[in-house]
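Read the structure below first, then the notes.
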Amino acid sequence: MSRRVRLAEVAQARSGDKGDLANVALFAPTDVLYEVFKREVTPERVRAHFGRFVRGGVDRYEVPNVRALNFVLHEALDGGAARSLRSDPLGKSYGSLLLRMEIAVDDDALRDLPSRTPPK
């Protein structure tokens, strides 16, 4: 059986920026979930998820030795920090925004998920 989960429930992300590019790395905690991410978190879905905030293309690079997908978002910062009129023209927030995406995950893939202890 599969269910929809937010990436925030099963992944970690890190993001940054350079000029008008945003970079988002998505990390899977297990090999099984990495395979799910490769299937579910496509460049097309990432582009659609960010909507009007990403005007250019989205490139995806697979980094299997750390179970990561690295996304480069083109024309994502309204010209870059110095040129943009956005309240937050930096790419630092894109990681948390990507973690809001929902994907389909089989219950079996969630079985061996490491437990997370919330911060105190």
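In the structure tokens, each chain is lettered A, B, ... as it comes, each chain's residues begin at 1, and ligands are numbered from 1 in order of appearance.
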
Within 12 Å of A:Arg67, counting only C-alpha atoms, which residues show up once you throw out same-chain ones fewer than 3 positions away? Write them as an mmCIF file with N, CA and C atoms, in the first residue's frame, please.
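The result, stored in part.cif:
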data_model
loop_
_atom_site.group_PDB
_atom_site.id
_atom_site.type_symbol
_atom_site.label_atom_id
_atom_site.label_comp_id
_atom_site.auth_asym_id
_atom_site.auth_seq_id
_atom_site.Cartn_x
_atom_site.Cartn_y
_atom_site.Cartn_z
ATOM 1 N N ALA A 11 12.900 13.345 4.535
ATOM 2 C CA ALA A 11 14.122 13.825 3.877
ATOM 3 C C ALA A 11 14.695 15.029 4.604
ATOM 4 N N GLN A 12 15.899 15.374 4.185
ATOM 5 C CA GLN A 12 16.531 16.621 4.610
ATOM 6 C C GLN A 12 16.966 17.357 3.352
ATOM 7 N N ALA A 13 17.092 18.678 3.453
ATOM 8 C CA ALA A 13 17.487 19.470 2.292
ATOM 9 C C ALA A 13 18.432 20.576 2.716
ATOM 10 N N ALA A 25 19.776 20.605 -2.577
ATOM 11 C CA ALA A 25 20.158 19.204 -2.432
ATOM 12 C C ALA A 25 19.146 18.531 -1.517
ATOM 13 N N LEU A 26 18.628 17.398 -1.966
ATOM 14 C CA LEU A 26 17.645 16.625 -1.218
ATOM 15 C C LEU A 26 18.304 15.312 -0.816
ATOM 16 N N PHE A 27 18.287 14.992 0.472
ATOM 17 C CA PHE A 27 18.982 13.823 1.001
ATOM 18 C C PHE A 27 17.986 12.778 1.506
ATOM 19 N N ALA A 28 18.181 11.534 1.094
ATOM 20 C CA ALA A 28 17.340 10.422 1.535
ATOM 21 C C ALA A 28 18.032 9.684 2.686
ATOM 22 N N PRO A 29 17.274 9.262 3.690
ATOM 23 C CA PRO A 29 17.888 8.565 4.827
ATOM 24 C C PRO A 29 18.196 7.096 4.568
ATOM 25 N N THR A 30 17.577 6.500 3.537
ATOM 26 C CA THR A 30 17.817 5.087 3.244
ATOM 27 C C THR A 30 17.967 4.897 1.734
ATOM 28 N N ASP A 31 18.554 3.764 1.353
ATOM 29 C CA ASP A 31 18.694 3.438 -0.062
ATOM 30 C C ASP A 31 17.323 3.286 -0.736
ATOM 31 N N VAL A 32 16.391 2.688 -0.027
ATOM 32 C CA VAL A 32 15.045 2.478 -0.583
ATOM 33 C C VAL A 32 14.381 3.821 -0.867
ATOM 34 N N LEU A 33 14.464 4.750 0.077
ATOM 35 C CA LEU A 33 13.857 6.065 -0.152
ATOM 36 C C LEU A 33 14.589 6.851 -1.232
ATOM 37 N N TYR A 34 15.879 6.640 -1.370
ATOM 38 C CA TYR A 34 16.610 7.296 -2.456
ATOM 39 C C TYR A 34 16.036 6.872 -3.806
ATOM 40 N N GLU A 35 15.727 5.589 -3.946
ATOM 41 C CA GLU A 35 15.118 5.109 -5.189
ATOM 42 C C GLU A 35 13.735 5.731 -5.401
ATOM 43 N N VAL A 36 12.971 5.879 -4.321
ATOM 44 C CA VAL A 36 11.665 6.536 -4.409
ATOM 45 C C VAL A 36 11.839 7.986 -4.846
ATOM 46 N N PHE A 37 12.800 8.684 -4.266
ATOM 47 C CA PHE A 37 13.048 10.088 -4.635
ATOM 48 C C PHE A 37 13.413 10.200 -6.114
ATOM 49 N N LYS A 38 14.252 9.285 -6.594
ATOM 50 C CA LYS A 38 14.640 9.329 -8.006
ATOM 51 C C LYS A 38 13.418 9.183 -8.914
ATOM 52 N N TYR A 61 20.885 16.372 -10.698
ATOM 53 C CA TYR A 61 22.095 15.561 -10.656
ATOM 54 C C TYR A 61 21.943 14.539 -9.540
ATOM 55 N N GLU A 62 22.196 13.281 -9.855
ATOM 56 C CA GLU A 62 22.110 12.218 -8.862
ATOM 57 C C GLU A 62 23.475 12.029 -8.207
ATOM 58 N N VAL A 63 23.473 11.949 -6.876
ATOM 59 C CA VAL A 63 24.711 11.764 -6.111
ATOM 60 C C VAL A 63 24.492 10.554 -5.195
ATOM 61 N N PRO A 64 24.603 9.348 -5.759
ATOM 62 C CA PRO A 64 24.230 8.148 -5.010
ATOM 63 C C PRO A 64 25.096 7.849 -3.792
ATOM 64 N N ASN A 70 20.588 16.587 -6.437
ATOM 65 C CA ASN A 70 20.949 18.000 -6.426
ATOM 66 C C ASN A 70 20.231 18.691 -7.594
#

As a list in words, please: the residues near A:Ala104 (cut-off 7 Å, only C-alpha atoms, same-chain neighbours under 4 positions excluded).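 My list of contacting residues is Ser2, Arg3, Arg4 and Val5 of chain A.
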
Go through A:Arg60, A:His49, A:Met1, A:Leu73 and flag the residue nearest A:Asp17, using only C-alpha atoms for the distances.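 Comparing A:Arg60, A:His49, A:Met1, A:Leu73 against A:Asp17, the winner is A:Leu73.
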
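Considering the residues A:Asp59, A:Arg47, A:Arg39, A:Val66 and counting only C-alpha atoms, A:Leu97 has its shortest atom-to-atom contact with A:Arg47.
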
As a PyMOL selection string, please: every residue in chain A that a backbone DSSP assignment puts in strand (DSSP E). chain A and resi 2-6+12-18+21-27+58-63+68-73+102-106

Export of the given selection (C-alpha atoms) as a PDB file, in the first residue's frame:
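Wrote selection.pdb, looks like this:
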ATOM      1  CA  SER A   2       1.279   3.502  -0.693  1.00  0.00           C
ATOM      2  CA  ARG A   3       0.461   6.876   0.756  1.00  0.00           C
ATOM      3  CA  ARG A   4       1.334  10.498   0.124  1.00  0.00           C
ATOM      4  CA  VAL A   5       3.877  12.088   2.437  1.00  0.00           C
ATOM      5  CA  ARG A   6       5.583  15.430   2.520  1.00  0.00           C
ATOM      6  CA  GLN A  12      16.531  16.621   4.610  1.00  0.00           C
ATOM      7  CA  ALA A  13      17.487  19.470   2.292  1.00  0.00           C
ATOM      8  CA  ARG A  14      20.131  22.139   1.956  1.00  0.00           C
ATOM      9  CA  SER A  15      20.029  25.060  -0.437  1.00  0.00           C
ATOM     10  CA  GLY A  16      21.909  28.118  -1.552  1.00  0.00           C
ATOM     11  CA  ASP A  17      22.323  30.523  -4.423  1.00  0.00           C
ATOM     12  CA  LYS A  18      24.718  32.120  -6.863  1.00  0.00           C
ATOM     13  CA  LEU A  21      20.578  30.226  -9.778  1.00  0.00           C
ATOM     14  CA  ALA A  22      19.258  28.401  -6.744  1.00  0.00           C
ATOM     15  CA  ASN A  23      20.713  25.061  -5.724  1.00  0.00           C
ATOM     16  CA  VAL A  24      18.770  22.518  -3.656  1.00  0.00           C
ATOM     17  CA  ALA A  25      20.158  19.204  -2.432  1.00  0.00           C
ATOM     18  CA  LEU A  26      17.645  16.625  -1.218  1.00  0.00           C
ATOM     19  CA  PHE A  27      18.982  13.823   1.001  1.00  0.00           C
ATOM     20  CA  VAL A  58      15.584  22.674 -13.641  1.00  0.00           C
ATOM     21  CA  ASP A  59      18.594  20.356 -13.843  1.00  0.00           C
ATOM     22  CA  ARG A  60      18.852  17.273 -11.603  1.00  0.00           C
ATOM     23  CA  TYR A  61      22.095  15.561 -10.656  1.00  0.00           C
ATOM     24  CA  GLU A  62      22.110  12.218  -8.862  1.00  0.00           C
ATOM     25  CA  VAL A  63      24.711  11.764  -6.111  1.00  0.00           C
ATOM     26  CA  ALA A  68      21.213  12.897  -2.703  1.00  0.00           C
ATOM     27  CA  LEU A  69      19.508  14.598  -5.603  1.00  0.00           C
ATOM     28  CA  ASN A  70      20.949  18.000  -6.426  1.00  0.00           C
ATOM     29  CA  PHE A  71      18.691  20.434  -8.299  1.00  0.00           C
ATOM     30  CA  VAL A  72      19.893  23.562 -10.066  1.00  0.00           C
ATOM     31  CA  LEU A  73      17.034  26.012 -10.580  1.00  0.00           C
ATOM     32  CA  GLU A 102       4.230  15.532  -1.477  1.00  0.00           C
ATOM     33  CA  ILE A 103       5.276  12.233  -3.007  1.00  0.00           C
ATOM     34  CA  ALA A 104       3.843   8.707  -3.133  1.00  0.00           C
ATOM     35  CA  VAL A 105       5.722   6.279  -0.884  1.00  0.00           C
ATOM     36  CA  ASP A 106       5.042   2.587  -0.286  1.00  0.00           C
TER      37      ASP A 106
END
